[in-house]
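Peer 1: Here's a structure for you.
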Amino acid sequence: MKSISIIGAGPAGIEAASVLARQGFAVTLFEKSSSVMKNVADKAFLFPDFTAAADIVEDMNKKLLNSNITQRLDTDIVNLAREDNNVWKLTDAKGNSYYSDLVLVATGYTPFDAHRKEELGYGIYGGVVTSLEMEKMIRYDQIVNSMGERPRRVAFLQCVGSRDEKSGNHYCSKVCCVTAVKQAIELKRRLPDVEAYIFYMDLRMWGQHFEELYRQSQQEYGVRYIRGRISEASGTFDGRVQIKAEDTLMGLPLKMTTDLLVLMVGMEASEGTRCLGKACGIAGEYGFFQSVDPHLNDCRTSLDGLYVCGTCKRPMSINDAVNDARAAAVVLALSVRD
Ligand code: SF4
């Protein structure tokens, strides 16, 4: 039976490992961190149905119990090369080598670094936080402003590091619109008196039940939506954040003081994705992996025996990444039988 290496132990990597191991393949799952599911572990609830992220992590961990999966944590694969005998050689950051017949890359994404948007004051003013930090506040029920007090007003800003000329990312990160809606609802459930505003360019409610969630946020929870981009954030003497924006529906400039400004950061290609894409010569736009054909052959690459799945190709939701991983596992298993 062929051996398969999977690089990246996020939802996509684990799902693919589980499917392939059940098919009888000897699977080795490489992960550079010391634990699996790093990007999901600190999330509170998943849209659109508010499933607890901890339940998903637990379910995915159970899938790793298959004895045909060998886990190699703390192993950062930095190079991939096909040897003359058609075997893939994987090299880690410490110089160790591993060999397998086939490789599936699932190295995922990294959140946009909000420090790069200096005008929004992240890292300067304590009241400016990222969507990841808000997710942790919700999860651990510690929603406080920079003074450690319960906030009275919270503003969310969409498209931070996505659809943005300045950061060089013209693409939409796909999940941040619905994440803001979900977080605003979570906020109102915990702190019913808080005022929640979402500043948006467009609201992209592309998935099943997303539109309903958006309506629910307004009708049931009173979340307010302002079409416009925040141009600048600055700190006030009492630890709050003053924002300047333009309401593009009203055509009016706007100033608002808020306790928390939540930056909905987009997805970028992870360091591992960029590194391996470069090493193999199949890096696509914005550092994400390039598949052969996004319509009919989205799991294969131009290199024989090298496959890709999940957010190392482009931004996608967790359930889309898991489904993509299943598809990749099937394509990979069938390729061995061809
Ligand atoms: S999903 Fe929404 S917030 Fe995220 S980049 Fe796209 S339009 Fe902007």
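Ordering of the structure tokens sets the chain letters (A, B, ...), residue numbers begin anew at 1 in every chain, and ligands are numbered from 1 in the order given.
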If you count only C-alpha atoms and all ligand atoms, which residues end up within 10 Å of ligand 1, as a short mmCIF file (atom, residue, chain, number, x, y, z; two decimals) with N, CA and C atoms, in the first residue's frame?

Peer 2:
```cif
data_model
loop_
_atom_site.label_atom_id
_atom_site.label_comp_id
_atom_site.auth_asym_id
_atom_site.auth_seq_id
_atom_site.Cartn_x
_atom_site.Cartn_y
_atom_site.Cartn_z
N PHE A 156 -17.52 47.10 14.88
CA PHE A 156 -16.78 46.11 14.09
C PHE A 156 -16.45 46.74 12.74
N LEU A 157 -15.25 46.51 12.26
CA LEU A 157 -14.87 47.02 10.94
C LEU A 157 -14.54 45.85 10.02
N GLN A 158 -15.28 45.75 8.91
CA GLN A 158 -15.06 44.67 7.94
C GLN A 158 -13.84 44.94 7.05
N CYS A 159 -13.45 43.91 6.34
CA CYS A 159 -12.45 44.01 5.24
C CYS A 159 -11.10 44.58 5.70
N VAL A 160 -10.61 44.17 6.85
CA VAL A 160 -9.28 44.63 7.29
C VAL A 160 -8.23 43.67 6.72
N GLY A 161 -7.47 44.19 5.76
CA GLY A 161 -6.46 43.35 5.10
C GLY A 161 -7.02 42.52 3.96
N SER A 162 -8.27 42.76 3.58
CA SER A 162 -8.86 42.11 2.41
C SER A 162 -9.52 43.19 1.57
N ARG A 163 -9.62 42.98 0.27
CA ARG A 163 -10.23 43.96 -0.64
C ARG A 163 -9.58 45.32 -0.40
N ASP A 164 -8.28 45.29 -0.25
CA ASP A 164 -7.59 46.49 0.22
C ASP A 164 -6.31 46.72 -0.59
N ASN A 169 -3.87 43.04 -0.84
CA ASN A 169 -4.79 41.90 -0.94
C ASN A 169 -6.11 42.37 -1.57
N HIS A 170 -6.28 42.04 -2.84
CA HIS A 170 -7.49 42.51 -3.52
C HIS A 170 -8.66 41.54 -3.34
N TYR A 171 -8.36 40.37 -2.84
CA TYR A 171 -9.40 39.34 -2.75
C TYR A 171 -10.26 39.51 -1.49
N CYS A 172 -11.42 38.88 -1.52
CA CYS A 172 -12.34 38.86 -0.36
C CYS A 172 -11.99 37.62 0.47
N SER A 173 -11.95 37.78 1.79
CA SER A 173 -11.60 36.64 2.65
C SER A 173 -12.80 35.75 2.99
N LYS A 174 -13.93 36.10 2.48
CA LYS A 174 -15.11 35.25 2.44
C LYS A 174 -15.83 34.99 3.78
N VAL A 175 -15.11 34.84 4.86
CA VAL A 175 -15.79 34.44 6.11
C VAL A 175 -15.97 35.58 7.12
N CYS A 176 -15.31 36.73 6.89
CA CYS A 176 -15.31 37.76 7.93
C CYS A 176 -16.64 38.50 8.05
N CYS A 177 -17.41 38.62 6.96
CA CYS A 177 -18.73 39.27 7.08
C CYS A 177 -19.61 38.50 8.06
N VAL A 178 -19.75 37.22 7.80
CA VAL A 178 -20.65 36.43 8.65
C VAL A 178 -20.07 36.27 10.06
N THR A 179 -18.74 36.28 10.17
CA THR A 179 -18.12 36.20 11.51
C THR A 179 -18.49 37.43 12.33
N ALA A 180 -18.48 38.61 11.70
CA ALA A 180 -18.84 39.84 12.42
C ALA A 180 -20.30 39.78 12.88
N PHE A 199 -19.42 48.30 10.53
CA PHE A 199 -19.07 49.13 9.37
C PHE A 199 -18.68 48.20 8.23
N TYR A 200 -19.33 48.35 7.10
CA TYR A 200 -19.10 47.40 6.00
C TYR A 200 -18.99 48.13 4.66
N MET A 201 -18.39 47.43 3.67
CA MET A 201 -18.40 47.93 2.29
C MET A 201 -19.55 47.27 1.54
N ASP A 202 -19.58 45.91 1.60
CA ASP A 202 -20.71 45.10 1.14
C ASP A 202 -20.86 44.02 2.19
N LEU A 203 -22.05 43.51 2.35
CA LEU A 203 -22.20 42.36 3.24
C LEU A 203 -22.35 41.12 2.38
N ARG A 204 -21.44 40.19 2.54
CA ARG A 204 -21.42 39.03 1.66
C ARG A 204 -21.92 37.80 2.42
N MET A 205 -23.22 37.64 2.40
CA MET A 205 -23.86 36.54 3.13
C MET A 205 -24.10 35.40 2.15
N TRP A 206 -23.03 34.70 1.78
CA TRP A 206 -23.08 33.77 0.66
C TRP A 206 -23.57 32.37 1.04
N LEU A 263 -11.38 44.69 14.64
CA LEU A 263 -10.94 44.63 13.24
C LEU A 263 -11.14 43.22 12.70
N MET A 264 -12.00 43.10 11.68
CA MET A 264 -12.29 41.78 11.11
C MET A 264 -11.17 41.45 10.12
N VAL A 265 -10.14 40.78 10.64
CA VAL A 265 -8.94 40.53 9.82
C VAL A 265 -9.19 39.38 8.84
N GLY A 266 -8.65 39.54 7.65
CA GLY A 266 -8.83 38.54 6.61
C GLY A 266 -7.81 37.42 6.69
N MET A 267 -7.85 36.55 5.69
CA MET A 267 -6.93 35.40 5.64
C MET A 267 -5.81 35.67 4.63
N PRO A 315 -9.09 31.61 0.70
CA PRO A 315 -9.93 31.67 1.90
C PRO A 315 -11.17 30.80 1.74
N MET A 316 -11.50 30.08 2.78
CA MET A 316 -12.76 29.32 2.80
C MET A 316 -13.14 29.04 4.25
#
```

Peer 1: I'd like to know which residues of range 127-195 of chain A are strand (DSSP E or B) (by DSSP, run on the backbone); could you write them as a PyMOL selection string?

Peer 2: chain A and resi 128-130+153-160+164+169+195

Peer 1: Keeping N, CA and C atoms for every residue in the selection just given, could you write it to a file as an mmCIF file, in the first residue's frame?

Peer 2:
```cif
data_model
loop_
_atom_site.group_PDB
_atom_site.id
_atom_site.type_symbol
_atom_site.label_atom_id
_atom_site.label_comp_id
_atom_site.auth_asym_id
_atom_site.auth_seq_id
_atom_site.Cartn_x
_atom_site.Cartn_y
_atom_site.Cartn_z
ATOM 1 N N VAL A 128 -8.480 48.751 20.576
ATOM 2 C CA VAL A 128 -8.543 48.210 19.214
ATOM 3 C C VAL A 128 -8.091 46.754 19.269
ATOM 4 N N VAL A 129 -8.980 45.848 18.903
ATOM 5 C CA VAL A 129 -8.664 44.411 18.980
ATOM 6 C C VAL A 129 -9.011 43.765 17.640
ATOM 7 N N THR A 130 -8.503 42.556 17.441
ATOM 8 C CA THR A 130 -8.837 41.841 16.200
ATOM 9 C C THR A 130 -10.032 40.919 16.449
ATOM 10 N N ARG A 153 -20.294 50.272 24.121
ATOM 11 C CA ARG A 153 -20.447 50.355 22.663
ATOM 12 C C ARG A 153 -19.271 49.604 22.001
ATOM 13 N N VAL A 154 -19.596 48.827 20.971
ATOM 14 C CA VAL A 154 -18.555 48.087 20.243
ATOM 15 C C VAL A 154 -18.790 48.296 18.752
ATOM 16 N N ALA A 155 -17.726 48.634 18.028
ATOM 17 C CA ALA A 155 -17.833 48.783 16.570
ATOM 18 C C ALA A 155 -16.979 47.708 15.899
ATOM 19 N N PHE A 156 -17.521 47.102 14.879
ATOM 20 C CA PHE A 156 -16.784 46.112 14.091
ATOM 21 C C PHE A 156 -16.451 46.741 12.740
ATOM 22 N N LEU A 157 -15.252 46.507 12.260
ATOM 23 C CA LEU A 157 -14.872 47.019 10.940
ATOM 24 C C LEU A 157 -14.536 45.852 10.021
ATOM 25 N N GLN A 158 -15.276 45.745 8.909
ATOM 26 C CA GLN A 158 -15.065 44.670 7.935
ATOM 27 C C GLN A 158 -13.844 44.937 7.050
ATOM 28 N N CYS A 159 -13.447 43.909 6.339
ATOM 29 C CA CYS A 159 -12.452 44.006 5.242
ATOM 30 C C CYS A 159 -11.099 44.577 5.699
ATOM 31 N N VAL A 160 -10.609 44.165 6.850
ATOM 32 C CA VAL A 160 -9.282 44.631 7.289
ATOM 33 C C VAL A 160 -8.229 43.674 6.719
ATOM 34 N N ASP A 164 -8.280 45.293 -0.253
ATOM 35 C CA ASP A 164 -7.595 46.489 0.222
ATOM 36 C C ASP A 164 -6.313 46.716 -0.588
ATOM 37 N N ASN A 169 -3.867 43.042 -0.839
ATOM 38 C CA ASN A 169 -4.785 41.900 -0.938
ATOM 39 C C ASN A 169 -6.105 42.369 -1.566
ATOM 40 N N GLU A 195 -24.226 48.636 22.678
ATOM 41 C CA GLU A 195 -24.577 49.070 21.311
ATOM 42 C C GLU A 195 -23.569 48.425 20.372
#
```

Peer 1: Counting only C-alpha atoms, which of A:Gln242, A:Asn145, A:Ile4, A:Lys43 gets nearest to Tyr98 in chain A?

Peer 2: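 Comparing A:Gln242, A:Asn145, A:Ile4, A:Lys43 against Tyr98 in chain A, the winner is A:Ile4.
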
Peer 1: Can you pull out the residues contacting range 213-217 of chain A? Cut-off 8 Å, using only C-alpha atoms, and skip same-chain residues under 6 positions away; I want them as a list in words.

Peer 2: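 Once the nearby chain positions are removed, what remains is Pro48, Val178, Val181, Lys182, Ala184, Ile185, Met205 and Val223 of chain A.
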
Peer 1: Take the residues that were just selected and, keeping C-alpha atoms, output them as a PDB file, in the first residue's frame.

Peer 2:
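This went into part.pdb:
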```pdb
ATOM      1  CA  PRO A  48     -24.244  29.947  11.214  1.00  0.00           C
ATOM      2  CA  VAL A 178     -20.651  36.434   8.651  1.00  0.00           C
ATOM      3  CA  VAL A 181     -22.589  39.175  12.369  1.00  0.00           C
ATOM      4  CA  LYS A 182     -22.099  36.097  14.551  1.00  0.00           C
ATOM      5  CA  ALA A 184     -22.211  40.890  17.254  1.00  0.00           C
ATOM      6  CA  ILE A 185     -25.033  38.476  18.144  1.00  0.00           C
ATOM      7  CA  MET A 205     -23.864  36.544   3.129  1.00  0.00           C
ATOM      8  CA  VAL A 223     -27.223  45.344  15.654  1.00  0.00           C
TER       9      VAL A 223
END
```

Peer 1: Taking the DSSP secondary structure from the backbone, can you list the residues of range 245-303 of chain A that are alpha helix (DSSP H), as a list in words?

Peer 2: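 So, restricting range 245-303 of chain A to alpha helix (DSSP H), we get Glu271, Gly272, Thr273, Arg274, Cys275, Leu276, Gly277, Lys278, Ala279 and Cys280 of chain A.
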
Peer 1: From the list A:Arg139, A:Val331, A:Glu31, A:Tyr99, which residue is nearest Ala52 in chain A when using only C-alpha atoms?

Peer 2: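 Distance minimum relative to Ala52 in chain A lands on A:Arg139.
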
Peer 1: Report, in Å with one decimal, the straight-line distance from CA of Met60 in chain A to CA of Val36 in chain A.

Peer 2: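 Interatomic distance, CA of Met60 in chain A to CA of Val36 in chain A: 9.3 Å.
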
Peer 1: I want to know what sits within 12 Å of range 245-257 of chain A, based on only C-alpha atoms, with residues of the same chain fewer than 3 positions away left out; could you give that as a PDB file with N, CA and C atoms, in the first residue's frame?

Peer 2:
```pdb
ATOM      1  N   GLU A 119      -3.111  53.132  10.587  1.00  0.00           N
ATOM      2  CA  GLU A 119      -4.135  54.167  10.796  1.00  0.00           C
ATOM      3  C   GLU A 119      -5.283  53.671  11.683  1.00  0.00           C
ATOM      4  N   LEU A 120      -5.377  52.343  11.873  1.00  0.00           N
ATOM      5  CA  LEU A 120      -6.468  51.821  12.704  1.00  0.00           C
ATOM      6  C   LEU A 120      -6.036  51.611  14.160  1.00  0.00           C
ATOM      7  N   GLY A 127      -8.057  49.664  23.105  1.00  0.00           N
ATOM      8  CA  GLY A 127      -9.443  49.356  22.734  1.00  0.00           C
ATOM      9  C   GLY A 127      -9.585  48.814  21.317  1.00  0.00           C
ATOM     10  N   VAL A 128      -8.480  48.751  20.576  1.00  0.00           N
ATOM     11  CA  VAL A 128      -8.543  48.210  19.214  1.00  0.00           C
ATOM     12  C   VAL A 128      -8.091  46.754  19.269  1.00  0.00           C
ATOM     13  N   PRO A 151     -17.855  46.803  28.067  1.00  0.00           N
ATOM     14  CA  PRO A 151     -18.055  47.888  27.089  1.00  0.00           C
ATOM     15  C   PRO A 151     -19.523  48.273  26.968  1.00  0.00           C
ATOM     16  N   ARG A 152     -19.736  49.540  26.622  1.00  0.00           N
ATOM     17  CA  ARG A 152     -21.118  50.002  26.369  1.00  0.00           C
ATOM     18  C   ARG A 152     -21.379  50.093  24.874  1.00  0.00           C
ATOM     19  N   ARG A 153     -20.294  50.272  24.121  1.00  0.00           N
ATOM     20  CA  ARG A 153     -20.447  50.355  22.663  1.00  0.00           C
ATOM     21  C   ARG A 153     -19.271  49.604  22.001  1.00  0.00           C
ATOM     22  N   VAL A 154     -19.596  48.827  20.971  1.00  0.00           N
ATOM     23  CA  VAL A 154     -18.555  48.087  20.243  1.00  0.00           C
ATOM     24  C   VAL A 154     -18.790  48.296  18.752  1.00  0.00           C
ATOM     25  N   ALA A 155     -17.726  48.634  18.028  1.00  0.00           N
ATOM     26  CA  ALA A 155     -17.833  48.783  16.570  1.00  0.00           C
ATOM     27  C   ALA A 155     -16.979  47.708  15.899  1.00  0.00           C
ATOM     28  N   LEU A 157     -15.252  46.507  12.260  1.00  0.00           N
ATOM     29  CA  LEU A 157     -14.872  47.019  10.940  1.00  0.00           C
ATOM     30  C   LEU A 157     -14.536  45.852  10.021  1.00  0.00           C
ATOM     31  N   GLU A 195     -24.226  48.636  22.678  1.00  0.00           N
ATOM     32  CA  GLU A 195     -24.577  49.070  21.311  1.00  0.00           C
ATOM     33  C   GLU A 195     -23.569  48.425  20.372  1.00  0.00           C
ATOM     34  N   TYR A 197     -22.221  48.121  16.389  1.00  0.00           N
ATOM     35  CA  TYR A 197     -22.257  48.689  15.035  1.00  0.00           C
ATOM     36  C   TYR A 197     -21.324  47.871  14.141  1.00  0.00           C
ATOM     37  N   ILE A 198     -21.752  47.639  12.930  1.00  0.00           N
ATOM     38  CA  ILE A 198     -20.873  46.975  11.961  1.00  0.00           C
ATOM     39  C   ILE A 198     -20.680  47.922  10.770  1.00  0.00           C
ATOM     40  N   PHE A 199     -19.420  48.296  10.527  1.00  0.00           N
ATOM     41  CA  PHE A 199     -19.072  49.128   9.371  1.00  0.00           C
ATOM     42  C   PHE A 199     -18.676  48.200   8.231  1.00  0.00           C
ATOM     43  N   TYR A 200     -19.327  48.348   7.096  1.00  0.00           N
ATOM     44  CA  TYR A 200     -19.097  47.404   5.998  1.00  0.00           C
ATOM     45  C   TYR A 200     -18.986  48.131   4.658  1.00  0.00           C
ATOM     46  N   MET A 201     -18.387  47.433   3.673  1.00  0.00           N
ATOM     47  CA  MET A 201     -18.405  47.933   2.286  1.00  0.00           C
ATOM     48  C   MET A 201     -19.553  47.267   1.540  1.00  0.00           C
ATOM     49  N   ASP A 202     -19.576  45.906   1.597  1.00  0.00           N
ATOM     50  CA  ASP A 202     -20.714  45.105   1.144  1.00  0.00           C
ATOM     51  C   ASP A 202     -20.856  44.015   2.187  1.00  0.00           C
ATOM     52  N   TYR A 225     -26.040  48.622  11.237  1.00  0.00           N
ATOM     53  CA  TYR A 225     -25.099  48.504  10.118  1.00  0.00           C
ATOM     54  C   TYR A 225     -24.865  49.869   9.482  1.00  0.00           C
ATOM     55  N   ILE A 226     -23.605  50.199   9.269  1.00  0.00           N
ATOM     56  CA  ILE A 226     -23.271  51.473   8.625  1.00  0.00           C
ATOM     57  C   ILE A 226     -22.400  51.165   7.413  1.00  0.00           C
ATOM     58  N   ARG A 227     -22.855  51.564   6.233  1.00  0.00           N
ATOM     59  CA  ARG A 227     -22.012  51.321   5.059  1.00  0.00           C
ATOM     60  C   ARG A 227     -20.963  52.413   4.974  1.00  0.00           C
ATOM     61  N   GLY A 228     -19.714  52.019   5.127  1.00  0.00           N
ATOM     62  CA  GLY A 228     -18.630  52.991   5.080  1.00  0.00           C
ATOM     63  C   GLY A 228     -17.377  52.396   5.683  1.00  0.00           C
ATOM     64  N   ARG A 229     -16.268  52.977   5.316  1.00  0.00           N
ATOM     65  CA  ARG A 229     -14.988  52.489   5.830  1.00  0.00           C
ATOM     66  C   ARG A 229     -14.460  53.441   6.875  1.00  0.00           C
ATOM     67  N   ILE A 230     -13.879  52.888   7.929  1.00  0.00           N
ATOM     68  CA  ILE A 230     -13.257  53.747   8.948  1.00  0.00           C
ATOM     69  C   ILE A 230     -11.891  54.161   8.421  1.00  0.00           C
ATOM     70  N   SER A 231     -11.640  55.458   8.375  1.00  0.00           N
ATOM     71  CA  SER A 231     -10.362  55.913   7.816  1.00  0.00           C
ATOM     72  C   SER A 231      -9.291  56.043   8.890  1.00  0.00           C
ATOM     73  N   GLU A 232      -9.714  56.236  10.134  1.00  0.00           N
ATOM     74  CA  GLU A 232      -8.724  56.510  11.178  1.00  0.00           C
ATOM     75  C   GLU A 232      -9.299  56.189  12.556  1.00  0.00           C
ATOM     76  N   ALA A 233      -8.453  55.666  13.417  1.00  0.00           N
ATOM     77  CA  ALA A 233      -8.858  55.446  14.814  1.00  0.00           C
ATOM     78  C   ALA A 233      -7.804  56.074  15.714  1.00  0.00           C
ATOM     79  N   SER A 234      -8.253  56.714  16.791  1.00  0.00           N
ATOM     80  CA  SER A 234      -7.277  57.283  17.735  1.00  0.00           C
ATOM     81  C   SER A 234      -7.795  57.071  19.158  1.00  0.00           C
ATOM     82  N   GLY A 235      -6.878  57.149  20.123  1.00  0.00           N
ATOM     83  CA  GLY A 235      -7.246  56.893  21.513  1.00  0.00           C
ATOM     84  C   GLY A 235      -7.791  58.141  22.183  1.00  0.00           C
ATOM     85  N   THR A 236      -8.645  57.963  23.190  1.00  0.00           N
ATOM     86  CA  THR A 236      -9.124  59.107  23.981  1.00  0.00           C
ATOM     87  C   THR A 236      -8.474  59.022  25.369  1.00  0.00           C
ATOM     88  N   PHE A 237      -8.574  60.110  26.125  1.00  0.00           N
ATOM     89  CA  PHE A 237      -7.911  60.156  27.447  1.00  0.00           C
ATOM     90  C   PHE A 237      -8.453  59.090  28.396  1.00  0.00           C
ATOM     91  N   ASP A 238      -9.721  58.640  28.186  1.00  0.00           N
ATOM     92  CA  ASP A 238     -10.307  57.660  29.107  1.00  0.00           C
ATOM     93  C   ASP A 238     -10.259  56.233  28.558  1.00  0.00           C
ATOM     94  N   GLY A 239      -9.322  55.976  27.621  1.00  0.00           N
ATOM     95  CA  GLY A 239      -9.090  54.610  27.156  1.00  0.00           C
ATOM     96  C   GLY A 239     -10.067  54.131  26.101  1.00  0.00           C
ATOM     97  N   ARG A 240     -10.882  55.039  25.548  1.00  0.00           N
ATOM     98  CA  ARG A 240     -11.805  54.625  24.495  1.00  0.00           C
ATOM     99  C   ARG A 240     -11.157  54.871  23.125  1.00  0.00           C
ATOM    100  N   VAL A 241     -11.902  54.604  22.074  1.00  0.00           N
ATOM    101  CA  VAL A 241     -11.350  54.756  20.720  1.00  0.00           C
ATOM    102  C   VAL A 241     -12.264  55.688  19.928  1.00  0.00           C
ATOM    103  N   GLN A 242     -11.669  56.713  19.321  1.00  0.00           N
ATOM    104  CA  GLN A 242     -12.476  57.581  18.476  1.00  0.00           C
ATOM    105  C   GLN A 242     -12.237  57.202  17.021  1.00  0.00           C
ATOM    106  N   LEU A 260     -14.735  49.491  22.214  1.00  0.00           N
ATOM    107  CA  LEU A 260     -13.897  48.529  21.496  1.00  0.00           C
ATOM    108  C   LEU A 260     -14.098  48.713  20.001  1.00  0.00           C
ATOM    109  N   LEU A 261     -12.997  48.661  19.267  1.00  0.00           N
ATOM    110  CA  LEU A 261     -13.068  48.604  17.809  1.00  0.00           C
ATOM    111  C   LEU A 261     -12.516  47.236  17.415  1.00  0.00           C
TER     112      LEU A 261
END
```

Peer 1: What gap, in Å, lies between CA of Tyr140 in chain A and CA of Gln219 in chain A?

Peer 2: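 Taking CA of Tyr140 in chain A as the start and CA of Gln219 in chain A as the end point, the length is 26.6 Å.
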
Peer 1: Would you kindly return, as a PyMOL selection string, each protein, DNA or RNA residue with an atom no farther than 9 Å from any atom of Ala327 in chain A, considering only C-alpha atoms and excluding same-chain residues fewer than 4 positions away?

Peer 2: chain A and resi 16+299+309+322-323+331-332

Peer 1: Put those residues in a file: C-alpha atoms, as a PDB file, in the first residue's frame.

Peer 2:
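As a result, result.pdb now contains:
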```pdb
ATOM      1  CA  ALA A  16      -8.110  13.932   4.799  1.00  0.00           C
ATOM      2  CA  CYS A 299      -7.033  19.142  -5.567  1.00  0.00           C
ATOM      3  CA  CYS A 309      -6.691  21.089  -0.031  1.00  0.00           C
ATOM      4  CA  VAL A 322     -13.337  19.884   5.476  1.00  0.00           C
ATOM      5  CA  ASN A 323     -15.424  19.073   2.392  1.00  0.00           C
ATOM      6  CA  VAL A 331      -9.087  11.967  -5.715  1.00  0.00           C
ATOM      7  CA  LEU A 332      -5.826  10.875  -4.134  1.00  0.00           C
TER       8      LEU A 332
END
```

Peer 1: Measure the distance from CA of Lys117 in chain A to CA of Tyr286 in chain A in Å and round it to one decimal.

Peer 2: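 Distance reported for this atom pair: 17.9 Å.
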
Peer 1: Show which residues sit within 10 Å of Gln183 in chain A, as number ranges by chain. Count only C-alpha atoms, and ignore same-chain residues fewer than 4 positions away.

Peer 2: A: 44-47, 131, 134-135, 138, 156, 178-179, 187-189, 196, 217, 262

Peer 1: Restricting the calculation to only C-alpha atoms: of A:Asp74, A:Asp304, A:Glu285, A:Asp298, which residue gets closest to Ala325 in chain A?

Peer 2: A:Asp298

Peer 1: Which is closest to Pro111 in chain A among A:Leu132, A:Val194, A:Cys280, A:Ala333, if we use only C-alpha atoms?

Peer 2: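 Of A:Leu132, A:Val194, A:Cys280, A:Ala333, the one nearest Pro111 in chain A is A:Leu132, counting only C-alpha atoms.
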
Peer 1: What's the 7 Å shell around range 6-8 of chain A, counting only C-alpha atoms, without same-chain residues fewer than 6 positions away, as a list in words?

Peer 2: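 The filter keeps Ala17, Thr28, Leu29, Phe30, Glu31, Val103, Leu104, Val105, Ala106 and Thr107 of chain A.
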
Peer 1: So which one's closest to Phe210 in chain A, A:Ala93, A:Phe50, A:Glu58, A:Ala279? Using only C-alpha atoms, please.

Peer 2: A:Phe50
